[in-house]
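So this one's work.txt, compact mmCIF, C-alpha atoms:
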```
# COMPACT_ATOMS: atom_id res chain seq x y z
CA MET A 298 15.94 1.66 -25.15
CA SER A 299 17.52 4.69 -23.58
CA HIS A 300 20.91 4.44 -21.91
CA THR A 301 20.26 7.00 -19.23
CA PRO A 302 17.82 6.11 -16.46
CA LEU A 303 16.35 9.63 -16.45
CA PRO A 304 13.36 8.97 -18.77
CA THR A 305 12.57 5.90 -16.69
CA TYR A 306 12.68 8.03 -13.54
CA PHE A 307 10.15 10.44 -15.04
CA ARG A 308 7.97 7.58 -16.21
CA GLY A 309 7.91 6.38 -12.59
CA LEU A 310 7.11 9.85 -11.36
CA ARG A 311 4.17 10.04 -13.74
CA ASP A 312 2.90 6.61 -12.68
CA GLY A 313 3.18 7.52 -9.00
CA ALA A 314 1.43 10.89 -9.38
CA PRO A 315 -2.20 9.62 -9.17
CA PHE A 316 -1.47 8.55 -5.60
CA LEU A 317 -1.35 12.22 -4.62
CA LEU A 318 -5.13 11.74 -4.31
CA VAL A 319 -4.45 9.50 -1.32
CA ILE A 320 -1.27 10.97 0.11
CA VAL A 321 -2.58 14.54 0.35
CA PRO A 322 -5.77 13.89 2.37
CA PHE A 323 -4.29 11.17 4.59
CA GLY A 324 -1.09 13.14 5.23
CA VAL A 325 -3.14 16.17 6.24
CA LEU A 326 -5.39 13.96 8.36
CA PHE A 327 -2.44 12.49 10.27
CA GLY A 328 -1.09 15.97 10.94
CA VAL A 329 -4.44 17.12 12.27
CA VAL A 330 -5.30 14.02 14.31
CA GLY A 331 -1.77 13.77 15.72
CA THR A 332 -1.83 17.37 16.89
CA GLU A 333 -5.35 17.00 18.32
CA ALA A 334 -4.18 13.92 20.22
CA GLY A 335 -1.56 16.07 21.94
CA LEU A 336 1.63 15.43 19.97
CA ASN A 337 3.85 18.45 19.31
CA LEU A 338 5.07 19.33 15.83
CA ALA A 339 8.36 17.43 16.13
CA GLU A 340 6.60 14.29 17.34
CA VAL A 341 3.99 14.35 14.56
CA MET A 342 6.74 14.84 11.98
CA GLY A 343 8.86 12.17 13.68
CA PHE A 344 6.09 9.69 12.96
CA SER A 345 5.68 10.62 9.31
CA VAL A 346 9.41 10.82 8.56
CA LEU A 347 10.75 7.90 10.61
CA VAL A 348 7.84 5.45 10.37
CA ILE A 349 6.38 6.62 7.04
CA ALA A 350 3.50 4.10 7.07
CA GLY A 351 0.07 5.70 7.32
CA ALA A 352 -2.09 2.86 8.63
CA SER A 353 0.35 1.95 11.41
CA GLN A 354 0.80 5.60 12.37
CA PHE A 355 -2.97 5.97 12.85
CA ALA A 356 -3.09 2.68 14.80
CA ALA A 357 -0.26 3.77 17.10
CA LEU A 358 -1.84 7.18 17.64
CA GLN A 359 -5.18 5.64 18.56
CA LEU A 360 -3.60 3.32 21.13
CA MET A 361 -1.41 6.10 22.55
CA SER A 362 -4.52 8.24 23.03
CA ASP A 363 -6.08 5.31 24.91
CA ASN A 364 -2.93 5.15 27.05
CA ALA A 365 -2.17 1.57 26.01
CA PRO A 366 1.12 0.08 27.26
CA THR A 367 4.14 0.83 25.04
CA LEU A 368 4.57 -2.82 24.09
CA ILE A 369 0.97 -3.10 22.89
CA VAL A 370 1.35 0.07 20.82
CA LEU A 371 4.49 -1.29 19.18
CA ALA A 372 3.18 -4.83 18.61
CA THR A 373 -0.05 -3.59 17.05
CA ALA A 374 1.55 -1.00 14.79
CA LEU A 375 4.29 -3.39 13.66
CA ALA A 376 1.72 -6.09 12.91
CA VAL A 377 -0.04 -3.60 10.63
CA ASN A 378 3.26 -3.25 8.74
CA LEU A 379 4.09 -6.96 8.46
CA ARG A 380 2.61 -7.11 4.95
CA MET A 381 5.63 -5.09 3.87
CA ALA A 382 7.84 -8.13 4.40
CA MET A 383 5.86 -9.67 1.53
CA TYR A 384 6.50 -6.57 -0.58
CA SER A 385 10.19 -6.82 0.25
CA ALA A 386 10.33 -10.47 -0.81
CA SER A 387 8.33 -9.83 -3.96
CA LEU A 388 10.64 -6.99 -5.09
CA THR A 389 13.85 -8.91 -4.30
CA PRO A 390 14.07 -10.70 -7.70
CA TYR A 391 13.89 -7.27 -9.41
CA LEU A 392 15.87 -4.99 -7.09
CA GLY A 393 18.08 -7.41 -5.12
CA GLY A 394 21.07 -6.70 -7.36
CA ALA A 395 21.30 -3.06 -6.28
CA PRO A 396 24.09 -2.01 -3.89
CA MET A 397 23.40 -2.46 -0.17
CA TRP A 398 23.05 1.25 0.58
CA MET A 399 20.54 1.66 -2.23
CA ARG A 400 18.54 -1.35 -1.08
CA ALA A 401 18.44 0.23 2.38
CA VAL A 402 17.14 3.52 0.96
CA MET A 403 14.57 1.71 -1.17
CA ALA A 404 13.47 -0.33 1.85
CA TYR A 405 12.90 2.88 3.83
CA LEU A 406 10.77 4.19 0.94
CA LEU A 407 8.84 0.93 0.47
CA VAL A 408 5.19 1.84 1.01
CA ASP A 409 1.97 0.40 -0.42
CA GLN A 410 1.97 2.86 -3.32
CA SER A 411 5.61 2.53 -4.36
CA TYR A 412 5.31 -1.24 -4.13
CA ALA A 413 2.08 -1.59 -6.10
CA VAL A 414 3.15 0.70 -8.94
CA SER A 415 6.70 -0.67 -9.24
CA ILE A 416 5.85 -4.37 -9.14
CA THR A 417 3.16 -3.88 -11.79
CA ARG A 418 5.69 -2.21 -14.08
CA PHE A 419 8.44 -4.77 -13.41
CA GLU A 420 6.12 -7.71 -14.05
CA THR A 421 4.22 -6.52 -17.08
CA GLY A 422 6.29 -3.70 -18.53
CA PRO A 423 9.13 -3.97 -21.04
CA ALA A 424 12.42 -5.61 -20.07
CA MET A 425 14.32 -3.22 -17.83
CA THR A 426 17.92 -3.08 -16.64
CA LEU A 427 18.58 -3.01 -12.89
CA LYS A 428 19.51 0.66 -13.16
CA GLN A 429 16.22 1.47 -14.88
CA ARG A 430 14.23 -0.46 -12.28
CA CYS A 431 15.89 1.51 -9.47
CA ALA A 432 15.32 4.80 -11.35
CA TYR A 433 11.67 3.85 -11.87
CA PHE A 434 11.23 3.04 -8.16
CA PHE A 435 12.71 6.39 -7.11
CA GLY A 436 10.46 8.09 -9.67
CA VAL A 437 7.33 6.52 -8.17
CA VAL A 438 8.42 7.45 -4.67
CA THR A 439 9.00 11.13 -5.51
CA PRO A 440 5.35 12.26 -5.50
CA VAL A 441 4.57 9.92 -2.57
CA CYS A 442 7.01 10.09 0.33
CA PRO A 443 8.13 13.77 0.34
CA VAL A 444 4.48 14.76 -0.11
CA TRP A 445 3.57 12.58 2.88
CA TYR A 446 5.97 14.61 5.05
CA ALA A 447 4.80 17.93 3.61
CA MET A 448 1.11 17.17 4.03
CA THR A 449 1.60 15.96 7.60
CA LEU A 450 3.30 19.28 8.29
CA ALA A 451 0.49 21.19 6.57
CA GLY A 452 -2.13 19.34 8.59
CA ALA A 453 -0.29 19.87 11.86
CA LEU A 454 0.13 23.60 11.20
CA ALA A 455 -3.31 24.29 9.73
CA GLY A 456 -5.26 21.99 12.06
CA GLN A 457 -7.90 21.81 9.37
CA ARG A 458 -8.89 18.54 7.71
CA ILE A 459 -10.26 18.22 4.17
CA PRO A 460 -14.10 18.29 4.46
CA PRO A 461 -15.79 14.85 4.23
CA GLU A 462 -18.05 16.05 1.36
CA TYR A 463 -15.14 15.49 -1.00
CA ALA A 464 -15.33 11.77 -0.14
CA LEU A 465 -11.55 11.55 -0.38
CA ASP A 466 -11.69 8.60 2.04
CA PHE A 467 -12.49 6.56 -1.04
CA ALA A 468 -9.40 7.65 -2.96
CA LEU A 469 -7.50 4.83 -1.24
CA PRO A 470 -9.65 1.89 -2.46
CA ILE A 471 -10.08 3.46 -5.90
CA THR A 472 -6.39 4.04 -6.57
CA PHE A 473 -5.42 0.55 -5.39
CA LEU A 474 -8.23 -1.05 -7.38
CA ALA A 475 -7.08 0.82 -10.48
CA ILE A 476 -3.52 -0.36 -10.06
CA VAL A 477 -4.34 -3.99 -9.25
CA ALA A 478 -7.15 -4.54 -11.81
CA PRO A 479 -4.84 -4.72 -14.86
CA ALA A 480 -2.77 -7.35 -13.02
CA LEU A 481 -5.74 -9.74 -13.07
CA ARG A 482 -4.58 -11.17 -16.37
CA THR A 483 -4.73 -14.94 -15.84
CA MET A 484 -7.11 -17.33 -14.13
CA ALA A 485 -4.47 -17.83 -11.43
CA HIS A 486 -4.32 -14.09 -10.69
CA MET A 487 -8.12 -13.77 -10.60
CA ALA A 488 -8.50 -16.77 -8.31
CA ALA A 489 -5.82 -15.38 -5.98
CA ALA A 490 -7.60 -12.02 -5.82
CA GLY A 491 -10.95 -13.75 -5.18
CA VAL A 492 -9.52 -15.76 -2.29
CA SER A 493 -7.86 -12.62 -0.95
CA VAL A 494 -11.18 -10.73 -0.87
CA ALA A 495 -13.16 -13.64 0.60
CA VAL A 496 -10.68 -14.49 3.37
CA SER A 497 -10.06 -10.86 4.32
CA LEU A 498 -13.81 -10.29 4.76
CA LEU A 499 -14.38 -13.56 6.62
CA LEU A 500 -11.44 -12.90 8.96
CA ALA A 501 -12.03 -9.15 9.35
CA PHE A 502 -12.57 -9.78 13.08
CA VAL A 503 -9.05 -11.16 13.64
CA PRO A 504 -6.98 -8.63 15.64
CA TYR A 505 -3.50 -7.31 14.78
CA ASN A 506 -4.32 -7.24 11.05
CA GLY A 507 -4.17 -11.04 11.10
CA GLY A 508 -7.03 -11.39 8.62
CA LEU A 509 -5.09 -9.49 5.97
CA LEU A 510 -1.96 -11.59 6.40
CA LEU A 511 -3.86 -14.90 6.36
CA ALA A 512 -5.84 -13.75 3.32
CA ALA A 513 -2.61 -12.86 1.52
CA VAL A 514 -0.94 -16.20 2.28
CA ALA A 515 -4.04 -18.17 1.24
CA ALA A 516 -4.27 -16.14 -1.97
CA MET A 517 -0.60 -16.63 -2.86
CA MET A 518 -0.94 -20.37 -2.35
CA THR A 519 -4.06 -20.38 -4.52
CA GLY A 520 -2.35 -18.49 -7.33
CA ALA A 521 0.77 -20.67 -7.24
CA ARG A 522 -1.27 -23.88 -7.17
CA ILE A 523 -3.45 -22.89 -10.11
CA GLU A 524 -0.41 -21.74 -12.09
CA LEU A 525 1.19 -25.13 -11.54
CA TRP A 526 -1.97 -26.88 -12.63
CA LEU A 527 -2.27 -24.73 -15.76
CA ARG A 528 1.38 -25.37 -16.62
CA ARG A 529 0.95 -29.13 -16.29
CA ASN A 530 -2.03 -28.98 -18.64
CA GLY A 531 -0.13 -26.87 -21.14
CA ARG A 532 -2.48 -23.93 -20.67
CA TRP A 533 -0.06 -21.44 -19.14
CA THR A 534 0.80 -18.67 -21.56
CA MET B 767 -2.52 12.16 25.57
CA ASP B 768 -1.16 11.24 28.96
CA MET B 769 2.34 10.22 27.95
CA SER B 770 5.83 11.48 28.69
CA THR B 771 7.91 12.92 25.85
CA THR B 772 10.46 10.16 26.40
CA ARG B 773 7.86 7.47 25.94
CA ILE B 774 6.44 9.11 22.82
CA TRP B 775 9.90 9.26 21.23
CA LEU B 776 10.68 5.72 22.33
CA ILE B 777 7.57 4.56 20.45
CA ILE B 778 8.41 6.64 17.36
CA LEU B 779 12.02 5.41 17.20
CA LEU B 780 11.26 1.72 17.86
CA LEU B 781 8.33 1.75 15.45
CA GLY B 782 10.52 3.41 12.82
CA ALA B 783 13.36 0.92 13.31
CA GLY B 784 11.04 -2.10 13.39
CA THR B 785 9.18 -0.97 10.26
CA PHE B 786 12.47 -0.41 8.46
CA LEU B 787 13.66 -3.92 9.38
CA ILE B 788 10.40 -5.40 8.06
CA ARG B 789 10.86 -3.53 4.77
CA PHE B 790 14.56 -4.31 4.52
CA SER B 791 14.20 -8.00 5.47
CA PHE B 792 14.24 -9.90 2.17
CA LEU B 793 15.61 -7.09 0.02
CA GLY B 794 18.55 -6.73 2.39
CA VAL B 795 19.33 -10.33 3.29
CA ILE B 796 18.62 -12.16 0.01
CA GLY B 797 19.99 -9.48 -2.31
CA ASP B 798 20.76 -10.91 -5.74
CA ARG B 799 20.86 -14.55 -4.66
CA LYS B 800 18.48 -16.72 -6.72
CA LEU B 801 15.27 -17.78 -5.02
CA PRO B 802 13.91 -21.29 -5.67
CA GLU B 803 11.24 -21.55 -8.35
CA TRP B 804 8.44 -22.49 -5.92
CA VAL B 805 9.12 -19.37 -3.86
CA LEU B 806 9.09 -17.19 -6.98
CA ARG B 807 5.84 -18.83 -8.05
CA HIS B 808 4.21 -17.74 -4.79
CA LEU B 809 5.76 -14.27 -4.86
CA ARG B 810 4.33 -13.64 -8.35
CA TYR B 811 0.90 -13.41 -6.68
CA THR B 812 1.89 -10.97 -3.93
CA PRO B 813 0.23 -7.87 -5.43
CA VAL B 814 -3.06 -9.62 -6.26
CA ALA B 815 -2.95 -11.38 -2.87
CA VAL B 816 -2.31 -8.37 -0.62
CA MET B 817 -4.03 -5.42 -2.34
CA PRO B 818 -7.53 -6.96 -2.60
CA ALA B 819 -7.39 -7.95 1.10
CA LEU B 820 -6.34 -4.40 1.91
CA ILE B 821 -9.23 -2.77 0.04
CA ALA B 822 -12.14 -5.25 0.29
CA PRO B 823 -13.12 -4.23 3.86
CA LEU B 824 -12.77 -0.53 2.95
CA VAL B 825 -15.12 -0.97 0.00
CA LEU B 826 -17.71 -3.02 1.86
CA TRP B 827 -17.55 -1.22 5.21
CA PRO B 828 -16.30 2.33 4.58
CA ALA B 829 -15.22 4.24 7.69
CA ALA B 830 -16.76 7.43 6.24
CA THR B 831 -20.26 5.97 6.62
CA GLY B 832 -19.52 4.46 10.02
CA GLY B 833 -19.04 1.02 8.45
CA GLN B 834 -22.44 1.03 6.73
CA THR B 835 -22.31 -0.49 3.22
CA ASP B 836 -22.76 2.41 0.81
CA PRO B 837 -24.24 1.84 -2.69
CA ALA B 838 -22.38 4.84 -4.14
CA ARG B 839 -19.01 3.54 -2.96
CA MET B 840 -19.81 0.00 -4.16
CA LEU B 841 -20.71 1.33 -7.61
CA ALA B 842 -17.53 3.39 -7.74
CA ALA B 843 -15.41 0.39 -6.81
CA ALA B 844 -17.13 -1.77 -9.45
CA ALA B 845 -16.60 0.90 -12.12
CA THR B 846 -12.91 1.21 -11.23
CA LEU B 847 -12.41 -2.54 -11.32
CA ILE B 848 -14.19 -3.01 -14.64
CA LEU B 849 -12.39 -0.07 -16.28
CA GLY B 850 -9.05 -1.26 -14.94
CA MET B 851 -9.57 -4.79 -16.22
CA THR B 852 -10.85 -3.79 -19.65
CA ILE B 853 -8.89 -0.72 -20.74
CA ARG B 854 -5.89 -1.43 -18.46
CA ASN B 855 -5.13 2.23 -17.90
CA VAL B 856 -4.65 3.23 -14.26
CA LEU B 857 -5.45 6.92 -14.63
CA ALA B 858 -8.59 6.28 -16.69
CA ALA B 859 -9.79 3.74 -14.10
CA ILE B 860 -9.21 6.21 -11.25
CA LEU B 861 -11.01 9.02 -13.07
CA GLY B 862 -13.87 6.70 -14.02
CA GLY B 863 -14.17 5.47 -10.43
CA ALA B 864 -14.06 8.99 -8.97
CA GLY B 865 -16.60 10.23 -11.53
CA THR B 866 -18.92 7.34 -10.69
CA LEU B 867 -18.53 8.05 -6.97
CA TYR B 868 -19.43 11.74 -7.26
CA LEU B 869 -22.35 11.10 -9.61
CA ALA B 870 -23.69 8.31 -7.40
CA LEU B 871 -23.28 10.38 -4.23
CA TYR B 872 -25.12 13.22 -5.96
CA TRP B 873 -28.00 11.06 -7.23
CA LEU B 874 -28.30 8.58 -4.38
CA GLY B 875 -27.67 11.20 -1.72
```
Can you present the structure in this file as structure tokens?
Amino acid sequence: MSHTPLPTYFRGLRDGAPFLLVIVPFGVLFGVVGTEAGLNLAEVMGFSVLVIAGASQFAALQLMSDNAPTLIVLATALAVNLRMAMYSASLTPYLGGAPMWMRAVMAYLLVDQSYAVSITRFETGPAMTLKQRCAYFFGVVTPVCPVWYAMTLAGALAGQRIPPEYALDFALPITFLAIVAPALRTMAHMAAAGVSVAVSLLLAFVPYNGGLLLAAVAAMMTGARIELWLRRNGRWT
Amino acid sequence: MDMSTTRIWLIILLLGAGTFLIRFSFLGVIGDRKLPEWVLRHLRYTPVAVMPALIAPLVLWPAATGGQTDPARMLAAAATLILGMTIRNVLAAILGGAGTLYLALYWLG
């Protein structure tokens, strides 16, 4: 194992790179839609740099265009981001030992992509030191977050979205499916994913992203319960 | 948009601060303290509990088709899932899924 974290950083960068497929079109889209909705350049960039959470930015923008009250805009957009508390908890056993300032920086950069790629590596990859885990995380983030700012800027300046014929809307489900599929390695993981899909579809009507959160909690409980059962029967590997 | 600059920036700043606090929550407060085993057991399932819920509605009711279930997108999702589970290579699964999507869109219209 290498003593410098640099190779681990580049490994992270490589693993994060496929998400350019998502970050580029959605960053551009936010720039375009934000400008069309009447935000100036600084405001559009303010969203992408300070909030840096695509789905909630689009939700806030939609409500602001409908002239919803400020509190409703905030409550809705923050509810969309609540899942990130789960990401934060799930990464704590791996990154909690880092200094406070670094945890704060990593928290700012904690998005769906950096979470999904990092947790997969930490759980299934080779044993890593704390330093390597942090280096890996920053590697994954490199092609994600700065590109999010840059593409928002490009979209706002060009005012031109990527044509729908490229079907890049589907880059989001495909990249997340590709990253989560290898994690379905035990019966407990598969059952958790099954419950997650079923509950999220059944509760798709629940406002404030409630269906997603309930699906996630139900799925975590399912996974934990089945793991316990497998352990008691000596079938946990 | 019929909103004052002040209100727009108020929303941006509060949303930014609130989102940061959500992300920082456990990472910041728990730090390197040990979590109880039952908590860890639940947290182990976070990725497979959140990601499928995030993507299932997008696969079944894509916004690009106005929420109409689209055979091409379903096929692409299935191909990605199967490739990801069998060969366990993220890039290959993405390329396989994208290839399936474009072929299916071309053939199925």
Please report the interatomic distance between CA of Met840 (chain B) and CA of Phe355 (chain A) in Å with one decimal.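 CA of Phe355 (chain A) lies at a distance of 24.7 Å from CA of Met840 (chain B).
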Just give me the residues with any atom within 9 Å of (-10.4, 5.2, -4.6), file coordinates, counting all atoms listed in the file, written as a VMD selection string. (chain A and resid 318 to 319 465 to 475) or (chain B and resid 839 842 to 843 846 860 863 to 864 867)
Just the number, please: distance in Å from CA of Ala357 (chain A) to CA of Leu793 (chain B), one decimal.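 Spanning CA of Ala357 (chain A) to CA of Leu793 (chain B) is a straight-line distance of 25.7 Å.
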With a cut-off of 6 Å, could you pull out the residues of chain A touching chain B and give me the nearest pair of atoms for each, distance in Å to one decimal, using only C-alpha atoms, ordered by chain and ascending number, as a tab-separated table?
```
residue	atom	partner	partner_atom	distance
A:Ala334	CA	B:Met767	CA	5.9
A:Gly335	CA	B:Met767	CA	5.4
A:Phe344	CA	B:Ile778	CA	5.8
A:Leu347	CA	B:Gly782	CA	5.0
A:Val348	CA	B:Gly782	CA	4.2
A:Ser362	CA	B:Met767	CA	5.1
A:Met381	CA	B:Arg789	CA	5.5
A:Ala382	CA	B:Ile788	CA	5.2
A:Ser385	CA	B:Leu793	CA	5.4
A:Ala386	CA	B:Phe792	CA	4.9
A:Ser387	CA	B:Leu809	CA	5.2
A:Thr389	CA	B:Leu793	CA	5.0
A:Gly393	CA	B:Gly797	CA	4.0
A:Gly394	CA	B:Asp798	CA	4.5
A:Ala404	CA	B:Phe790	CA	4.9
A:Tyr405	CA	B:Phe786	CA	5.7
A:Pro470	CA	B:Ile821	CA	5.3
A:Thr472	CA	B:Ile860	CA	5.9
A:Leu474	CA	B:Leu847	CA	5.9
A:Ala475	CA	B:Val856	CA	5.1
A:Ile476	CA	B:Val856	CA	5.6
A:Ala478	CA	B:Gly850	CA	4.9
A:Pro479	CA	B:Met851	CA	4.9
A:Ala489	CA	B:Ala815	CA	5.8
A:Ala490	CA	B:Val814	CA	5.2
A:Ser493	CA	B:Ala819	CA	5.1
A:Val494	CA	B:Ala819	CA	5.1
A:Ser497	CA	B:Ala819	CA	5.1
A:Leu509	CA	B:Ala819	CA	5.6
A:Ala513	CA	B:Ala815	CA	4.6
A:Ala516	CA	B:Ala815	CA	5.0
A:Met517	CA	B:Tyr811	CA	5.2
A:Ala521	CA	B:His808	CA	5.1
```
Need to verify the contact set: Val414 (chain A), 12 Å, all atoms listed in the file, exclusion of same-chain residues closer than 6 positions in sequence. Can you return it as a ChimeraX atom specification? /A:308-316,384,388,407-408,420-422,430,433-438,441,472-480 /B:813,817,856
Choose the residue, out of A:Pro504, A:Cys442, A:Thr305, A:Leu338, that has the smallest atom-to-atom separation from Phe419 (chain A); count all atoms listed in the file. A:Thr305
Counting all atoms listed in the file, the option among A:Ala464, A:Cys431, A:Met403, A:Gln410 closest to Asp836 (chain B):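 Closest candidate: A:Ala464.
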Please provide as number ranges by chain all residues within 10 Å of Leu360 (chain A), with the sequence filter that same-chain residues fewer than 6 positions apart are discarded (counting all atoms listed in the file). A: 366-367, 369-371, 373-374; B: 767
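For the pair CA of Tyr505 (chain A) and CA of Ala356 (chain A), the separation is 10.0 Å.
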Nearby residues (all atoms listed in the file) at most 7 Å from Pro302 (chain A), same-chain spacing under 3 positions excluded, as a VMD selection string: chain A and resid 305 to 306 428 to 429 432
How big is the axis-aligned box around the listed atoms of region 844-861 of chain B once 8 Å is added on each side, and where is its centre? Give both in Å to one decimal, as lines of an AutoDock Vina configuration file.
```
center_x = -10.9
center_y = 2.1
center_z = -15.1
size_x = 28.5
size_y = 29.8
size_z = 27.3
```
